[in-house]
$ cat protein.txt   # compact mmCIF, C-alpha atoms
# COMPACT_ATOMS: atom_id res chain seq x y z
CA MET E 1 28.90 17.97 -30.63
CA THR E 2 30.83 17.53 -27.39
CA ASP E 3 32.61 20.45 -25.76
CA PRO E 4 36.39 20.64 -26.24
CA ARG E 5 38.50 19.15 -23.48
CA VAL E 6 40.43 21.64 -21.35
CA ALA E 7 43.99 21.43 -20.05
CA LEU E 8 46.41 23.47 -17.98
CA VAL E 9 50.12 23.10 -18.79
CA THR E 10 52.99 24.49 -16.72
CA GLY E 11 56.46 25.20 -18.12
CA ALA E 12 54.56 26.06 -21.29
CA ALA E 13 56.64 28.81 -22.89
CA ARG E 14 59.22 26.57 -24.55
CA GLY E 15 60.60 23.04 -24.82
CA ILE E 16 58.42 20.05 -24.06
CA GLY E 17 55.78 22.18 -22.32
CA ALA E 18 55.28 24.35 -25.41
CA ALA E 19 55.16 21.24 -27.60
CA VAL E 20 52.42 19.81 -25.35
CA VAL E 21 50.39 23.01 -25.71
CA ASP E 22 50.77 22.94 -29.49
CA HIS E 23 49.78 19.28 -29.72
CA LEU E 24 46.71 19.68 -27.54
CA ALA E 25 45.56 22.86 -29.27
CA ASN E 26 46.02 21.24 -32.66
CA ASP E 27 43.77 18.42 -31.45
CA GLY E 28 41.06 20.93 -30.53
CA TRP E 29 41.73 21.29 -26.81
CA ARG E 30 41.46 24.57 -24.94
CA VAL E 31 44.63 25.22 -22.95
CA VAL E 32 45.80 27.56 -20.21
CA ALA E 33 49.56 27.80 -20.77
CA VAL E 34 51.47 28.76 -17.61
CA ASP E 35 55.10 29.80 -17.24
CA ILE E 36 57.11 31.81 -14.72
CA CYS E 37 58.75 33.86 -17.52
CA ALA E 38 61.59 34.80 -15.18
CA ASP E 39 64.86 33.33 -14.00
CA VAL E 40 65.14 31.18 -10.87
CA ALA E 41 67.97 31.49 -8.36
CA GLY E 42 70.07 28.33 -8.40
CA ALA E 43 69.39 27.57 -12.06
CA GLY E 44 72.43 28.92 -13.84
CA TYR E 45 70.80 29.63 -17.20
CA ALA E 46 68.08 31.87 -18.60
CA LEU E 47 64.53 30.56 -18.39
CA ALA E 48 61.70 31.36 -20.79
CA THR E 49 60.45 34.88 -21.44
CA LYS E 50 57.04 36.54 -21.62
CA ASP E 51 57.56 36.94 -25.36
CA GLN E 52 58.02 33.19 -25.75
CA LEU E 53 54.86 32.48 -23.79
CA ALA E 54 52.95 35.06 -25.83
CA ALA E 55 54.20 33.43 -29.04
CA VAL E 56 52.79 30.07 -27.94
CA ALA E 57 49.40 31.60 -27.16
CA ASP E 58 49.39 33.67 -30.37
CA ARG E 59 49.73 30.51 -32.46
CA TRP E 60 46.32 29.38 -31.19
CA PRO E 61 43.95 32.36 -30.86
CA GLY E 62 40.80 31.41 -28.97
CA ARG E 63 42.29 28.06 -27.93
CA VAL E 64 45.26 28.98 -25.74
CA LEU E 65 45.50 31.53 -22.94
CA GLY E 66 48.99 32.45 -21.68
CA VAL E 67 49.33 33.07 -17.93
CA VAL E 68 52.49 34.23 -16.18
CA ALA E 69 52.62 32.36 -12.87
CA ASP E 70 55.20 30.67 -10.66
CA VAL E 71 54.49 27.01 -9.78
CA ARG E 72 56.11 27.66 -6.40
CA ASP E 73 53.11 29.91 -5.66
CA ARG E 74 50.08 27.67 -5.09
CA ASP E 75 47.69 30.63 -5.05
CA ALA E 76 48.91 31.73 -8.47
CA LEU E 77 48.24 28.24 -9.83
CA ALA E 78 44.80 28.26 -8.20
CA SER E 79 44.04 31.48 -10.07
CA ALA E 80 45.12 29.88 -13.35
CA ILE E 81 42.81 26.92 -12.66
CA ALA E 82 39.97 29.34 -11.92
CA LEU E 83 40.66 31.02 -15.28
CA ALA E 84 40.43 27.68 -17.08
CA GLU E 85 37.08 27.00 -15.47
CA ALA E 86 35.75 30.51 -16.09
CA GLU E 87 36.91 30.83 -19.70
CA PHE E 88 36.68 27.25 -20.93
CA GLY E 89 34.09 25.68 -18.60
CA GLY E 90 36.17 23.26 -16.55
CA LEU E 91 39.35 21.19 -16.47
CA ASP E 92 40.07 17.75 -17.91
CA ALA E 93 43.88 17.51 -17.74
CA ALA E 94 46.78 19.10 -15.90
CA VAL E 95 50.34 18.71 -17.17
CA ALA E 96 53.22 19.54 -14.83
CA ALA E 97 56.13 20.30 -17.16
CA ALA E 98 57.81 23.11 -15.21
CA ALA E 99 61.29 22.20 -13.94
CA VAL E 100 64.86 23.47 -13.89
CA MET E 101 68.30 21.94 -14.25
CA ALA E 102 71.13 22.39 -11.75
CA GLY E 103 74.23 20.48 -10.80
CA GLY E 104 77.63 19.85 -12.29
CA GLN E 105 79.43 18.87 -9.10
CA PRO E 106 79.36 16.00 -6.58
CA LEU E 107 76.42 16.04 -4.20
CA TRP E 108 78.60 17.01 -1.23
CA GLU E 109 79.67 20.17 -3.07
CA MET E 110 76.20 21.15 -4.24
CA PRO E 111 75.03 24.53 -2.87
CA ASP E 112 71.65 24.77 -1.17
CA THR E 113 70.44 27.28 -3.76
CA GLU E 114 70.70 24.63 -6.48
CA TRP E 115 69.02 21.94 -4.36
CA ASP E 116 66.24 24.37 -3.51
CA ALA E 117 65.74 25.32 -7.17
CA LEU E 118 65.38 21.68 -8.19
CA PHE E 119 62.92 20.77 -5.44
CA GLU E 120 60.92 23.98 -5.16
CA THR E 121 60.16 24.15 -8.88
CA GLY E 122 60.41 20.53 -9.97
CA VAL E 123 58.78 18.79 -6.99
CA ARG E 124 56.85 21.29 -4.88
CA GLY E 125 55.61 22.85 -8.12
CA VAL E 126 54.19 19.49 -9.19
CA ALA E 127 52.57 19.02 -5.78
CA HIS E 128 51.08 22.52 -5.93
CA LEU E 129 49.57 21.80 -9.33
CA ALA E 130 48.07 18.55 -8.08
CA GLN E 131 46.64 20.27 -5.00
CA VAL E 132 44.75 22.85 -7.05
CA ALA E 133 44.06 20.92 -10.27
CA VAL E 134 42.74 17.66 -8.85
CA PRO E 135 39.72 19.30 -7.15
CA ALA E 136 38.89 20.91 -10.51
CA LEU E 137 39.26 17.57 -12.30
CA LEU E 138 36.92 16.04 -9.72
CA ARG E 139 34.36 18.77 -10.31
CA ARG E 140 33.66 17.21 -13.70
CA SER E 141 30.57 15.03 -13.53
CA GLN E 142 30.77 11.25 -13.65
CA PRO E 143 31.73 9.35 -15.69
CA ARG E 144 34.82 11.56 -15.73
CA SER E 145 38.17 11.08 -17.46
CA GLY E 146 40.47 13.55 -15.74
CA ARG E 147 44.20 13.28 -16.24
CA PHE E 148 47.20 14.47 -14.23
CA VAL E 149 50.52 14.03 -16.06
CA ALA E 150 53.90 15.05 -14.64
CA LEU E 151 57.17 15.26 -16.53
CA ALA E 152 59.81 13.18 -14.77
CA SER E 153 63.02 12.17 -16.57
CA ALA E 154 65.26 9.27 -17.43
CA ALA E 155 67.22 10.70 -14.49
CA ALA E 156 64.49 9.34 -12.22
CA HIS E 157 65.57 5.82 -13.16
CA ARG E 158 69.33 6.01 -13.68
CA GLY E 159 72.03 7.78 -11.73
CA LEU E 160 73.73 10.55 -13.69
CA TRP E 161 77.23 11.82 -12.96
CA HIS E 162 77.25 15.07 -10.97
CA LEU E 163 73.45 15.34 -11.13
CA ALA E 164 72.47 13.63 -7.87
CA GLY E 165 70.12 16.48 -6.91
CA TYR E 166 68.36 16.28 -10.26
CA ASN E 167 68.17 12.49 -9.90
CA ALA E 168 66.54 12.93 -6.49
CA ALA E 169 64.04 15.55 -7.65
CA LYS E 170 62.86 13.51 -10.62
CA HIS E 171 62.66 10.35 -8.51
CA ALA E 172 60.45 12.34 -6.13
CA VAL E 173 58.12 13.23 -9.02
CA VAL E 174 57.63 9.54 -9.79
CA GLY E 175 56.87 8.80 -6.14
CA LEU E 176 54.43 11.69 -5.96
CA VAL E 177 52.56 10.41 -9.02
CA ARG E 178 52.34 6.88 -7.64
CA GLY E 179 50.89 8.16 -4.37
CA LEU E 180 48.52 10.57 -6.11
CA ALA E 181 47.19 7.81 -8.35
CA THR E 182 46.43 5.74 -5.27
CA ASP E 183 44.59 8.66 -3.69
CA LEU E 184 42.54 8.97 -6.90
CA ARG E 185 41.44 5.34 -6.89
CA GLY E 186 37.96 4.89 -8.33
CA THR E 187 37.43 8.55 -9.21
CA GLY E 188 37.91 8.33 -12.98
CA VAL E 189 40.96 10.61 -12.68
CA THR E 190 44.38 9.10 -13.40
CA ALA E 191 47.91 10.21 -12.53
CA THR E 192 50.95 9.28 -14.58
CA ALA E 193 54.51 10.41 -15.24
CA VAL E 194 56.42 10.65 -18.50
CA SER E 195 60.19 10.23 -18.37
CA PRO E 196 61.91 11.76 -21.41
CA GLY E 197 65.43 11.01 -22.46
CA SER E 198 67.81 13.60 -23.92
CA THR E 199 65.52 15.99 -25.77
CA ARG E 200 66.53 18.97 -27.86
CA THR E 201 65.58 21.76 -25.42
CA ASP E 202 67.15 24.69 -23.61
CA MET E 203 67.43 22.45 -20.55
CA LEU E 204 69.60 20.03 -22.51
CA ASP E 205 71.80 22.96 -23.55
CA ALA E 206 72.13 23.80 -19.83
CA SER E 207 73.06 20.17 -19.12
CA ALA E 208 75.79 20.29 -21.76
CA ASP E 209 77.15 23.45 -20.16
CA LEU E 210 77.28 21.73 -16.77
CA TYR E 211 79.35 18.95 -18.27
CA GLY E 212 81.52 21.31 -20.34
CA LEU E 213 80.39 19.66 -23.56
CA PRO E 214 80.82 21.66 -26.76
CA ASP E 215 77.83 20.02 -28.46
CA VAL E 216 74.55 18.55 -27.13
CA GLU E 217 74.76 15.87 -29.82
CA GLU E 218 77.13 13.99 -27.52
CA PHE E 219 74.10 13.01 -25.42
CA ALA E 220 72.63 11.09 -28.37
CA ARG E 221 74.99 8.15 -27.88
CA HIS E 222 73.15 7.16 -24.69
CA GLN E 223 69.90 6.44 -26.56
CA LEU E 224 69.00 3.42 -28.65
CA VAL E 225 67.48 5.64 -31.32
CA ASP E 226 71.00 7.09 -31.83
CA ARG E 227 69.78 10.66 -31.86
CA LEU E 228 68.34 13.34 -29.62
CA LEU E 229 64.57 13.41 -29.23
CA ASP E 230 62.41 16.20 -30.57
CA PRO E 231 60.11 17.81 -27.96
CA ARG E 232 57.14 16.90 -30.15
CA GLU E 233 57.91 13.20 -29.72
CA VAL E 234 57.71 13.48 -25.93
CA ALA E 235 54.63 15.70 -26.20
CA ALA E 236 52.88 13.01 -28.23
CA ALA E 237 53.22 10.60 -25.30
CA VAL E 238 52.07 13.22 -22.79
CA CYS E 239 49.06 14.17 -24.88
CA TRP E 240 47.98 10.58 -25.42
CA LEU E 241 47.98 10.17 -21.65
CA CYS E 242 45.77 13.27 -21.41
CA GLY E 243 43.18 11.67 -23.64
CA GLU E 244 40.15 9.59 -22.75
CA ASN E 245 41.64 6.45 -24.34
CA SER E 246 44.44 6.24 -21.74
CA SER E 247 42.07 5.14 -18.97
CA ALA E 248 44.00 1.92 -18.22
CA ILE E 249 47.21 3.78 -17.42
CA THR E 250 47.66 5.19 -13.91
CA GLY E 251 50.22 5.19 -11.12
CA THR E 252 53.06 4.42 -13.49
CA VAL E 253 55.68 5.90 -15.82
CA VAL E 254 55.78 6.04 -19.59
CA HIS E 255 59.41 6.01 -20.76
CA ALA E 256 59.55 8.34 -23.76
CA ASP E 257 63.33 8.22 -23.64
CA GLY E 258 64.52 6.82 -26.95
CA GLY E 259 65.81 3.76 -25.12
CA PHE E 260 67.97 5.73 -22.67
CA THR E 261 67.00 3.44 -19.77
CA ALA E 262 66.73 0.20 -21.74
$ encode --input "protein.txt" --output "C-alpha cells"
Amino acid sequence: MTDPRVALVTGAARGIGAAVVDHLANDGWRVVAVDICADVAGAGYALATKDQLAAVADRWPGRVLGVVADVRDRDALASAIALAEAEFGGLDAAVAAAAVMAGGQPLWEMPDTEWDALFETGVRGVAHLAQVAVPALLRRSQPRSGRFVALASAAAHRGLWHLAGYNAAKHAVVGLVRGLATDLRGTGVTATAVSPGSTRTDMLDASADLYGLPDVEEFARHQLVDRLLDPREVAAAVCWLCGENSSAITGTVVHADGGFTA
C-alpha cells in the first residue's frame, strides 16, 4: 500500500480553497490547510475566520491540519511546509488559493491600499508559496510527481470594468506559473494555473457589492453554462491537476470558467 499523497492549500477556510481541501481529503490525501483568518487592509469585506478554518479541519480528523498563517509572511508558510513534512512525511502538491478582491473604480482612482492588497496577497503570496513549497516537492525521490497549482481567474484573460488592479494581479499569477514551470523543466514537478469564472463564494459577493448589484446571480449571464459555478466544480479541476495523471500539463492554464472566456 502506497503512502497517501500530501498537499498544502492556502486560502483554505472557505470558498474554492475549502472545496479543494475537502476534495483532496475525500480522495485520501493528507492536507495542511492554511488561512490568514483575519481581515486585510484594502479588501473591503470580511475574510475567513478561525472557526471556519477549524470547521474544515474538523470534517477530516487525522487527514487535515488547520494552520493560521499569512501568505504575505514567507517564514510562516515555511513553517507550514515543515509541519506537512513532519506530520505527513513530505509534500506532493501545493495549491495557492489565497487571494482578495478590491476595486470598483477606474484604475486612476484606485487607492494604493487596494493595489497593495491585491498584489501582496494574490501575487506575492503565490510567489512565497512557490519559494518554500517547491524545495519540499523536490525533496521527494525520483521519479517524482510534484504539483504546484495556483488559482488565477477569468479576469486574467479578459478586462473587467473597474477591476483593472484585479486583472493585473491575476495576469501576474499566470505569468508566474509559466516562468515557474520553465524553471522546473525535467524535475517531475509541474506548475499550472486554474482560472475560474464566476463562482458562488464570498469573493463573488464582494464583487457584487463593488458593482452595486443586488444579486450575484447577475454574473451568471456571462457564462455559457448560464449559471454560477459551485466551488466544488473548480476544485475538481484543481485536484485533478494535483494528481499523478496530470503529468502532461504544465506551464499553462486550465479554464474552469463555465465558458466565461469562450
$ closest_residue --input "protein.txt" --among "E:Arg30, E:Lys50, E:His162, E:His157" --to "E:Arg14" --atoms "all atoms listed in the file"
E:Lys50
$ atom_distance --input "protein.txt" --atom1 "atom CA of E:Leu228" --atom2 "atom CA of E:Ala38"
26.7 Å
$ axis_aligned_box --input "protein.txt" --around "stretch 50-60 of chain E" --padding-each-side "8 Å" --output "JSON"
{"center_x": 52.2, "center_y": 33.2, "center_z": -27.0, "size_x": 27.7, "size_y": 23.6, "size_z": 26.8}
$ closest_residue --input "protein.txt" --among "E:Ala43, E:Ala191, E:Val225, E:Ala150" --to "E:Glu120" --atoms "only C-alpha atoms"
E:Ala43
$ residues_around --input "protein.txt" --residues "E:Gly62" --least-positions-apart "4" --cutoff "10 Å" --atoms "all atoms listed in the file" --output "list in words"
Ala25, Arg30, Val31, Ala57, Asp58 and Phe88 of chain E
$ write_last_selection --input "protein.txt" --atoms "C-alpha atoms" --output "CSV table (one decimal), in the coordinates of the input"
chain,number,residue,atom,x,y,z
E,25,ALA,CA,45.6,22.9,-29.3
E,30,ARG,CA,41.5,24.6,-24.9
E,31,VAL,CA,44.6,25.2,-23.0
E,57,ALA,CA,49.4,31.6,-27.2
E,58,ASP,CA,49.4,33.7,-30.4
E,88,PHE,CA,36.7,27.2,-20.9
$ residues_around --input "protein.txt" --residues "E:Leu47" --least-positions-apart "2" --cutoff "12 Å" --atoms "all atoms listed in the file" --output "PyMOL selection string"
chain E and resi 11-15+35-45+49-53+98-101+201-203+205-206
$ closest_residue --input "protein.txt" --among "E:Ala96, E:Ala208, E:Ala130, E:Val177" --to "E:Ile16" --atoms "all atoms listed in the file"
E:Ala96
$ closest_residue --input "protein.txt" --among "E:Arg147, E:His23, E:Arg63, E:Arg178" --to "E:Asn245" --atoms "all atoms listed in the file"
E:Arg147
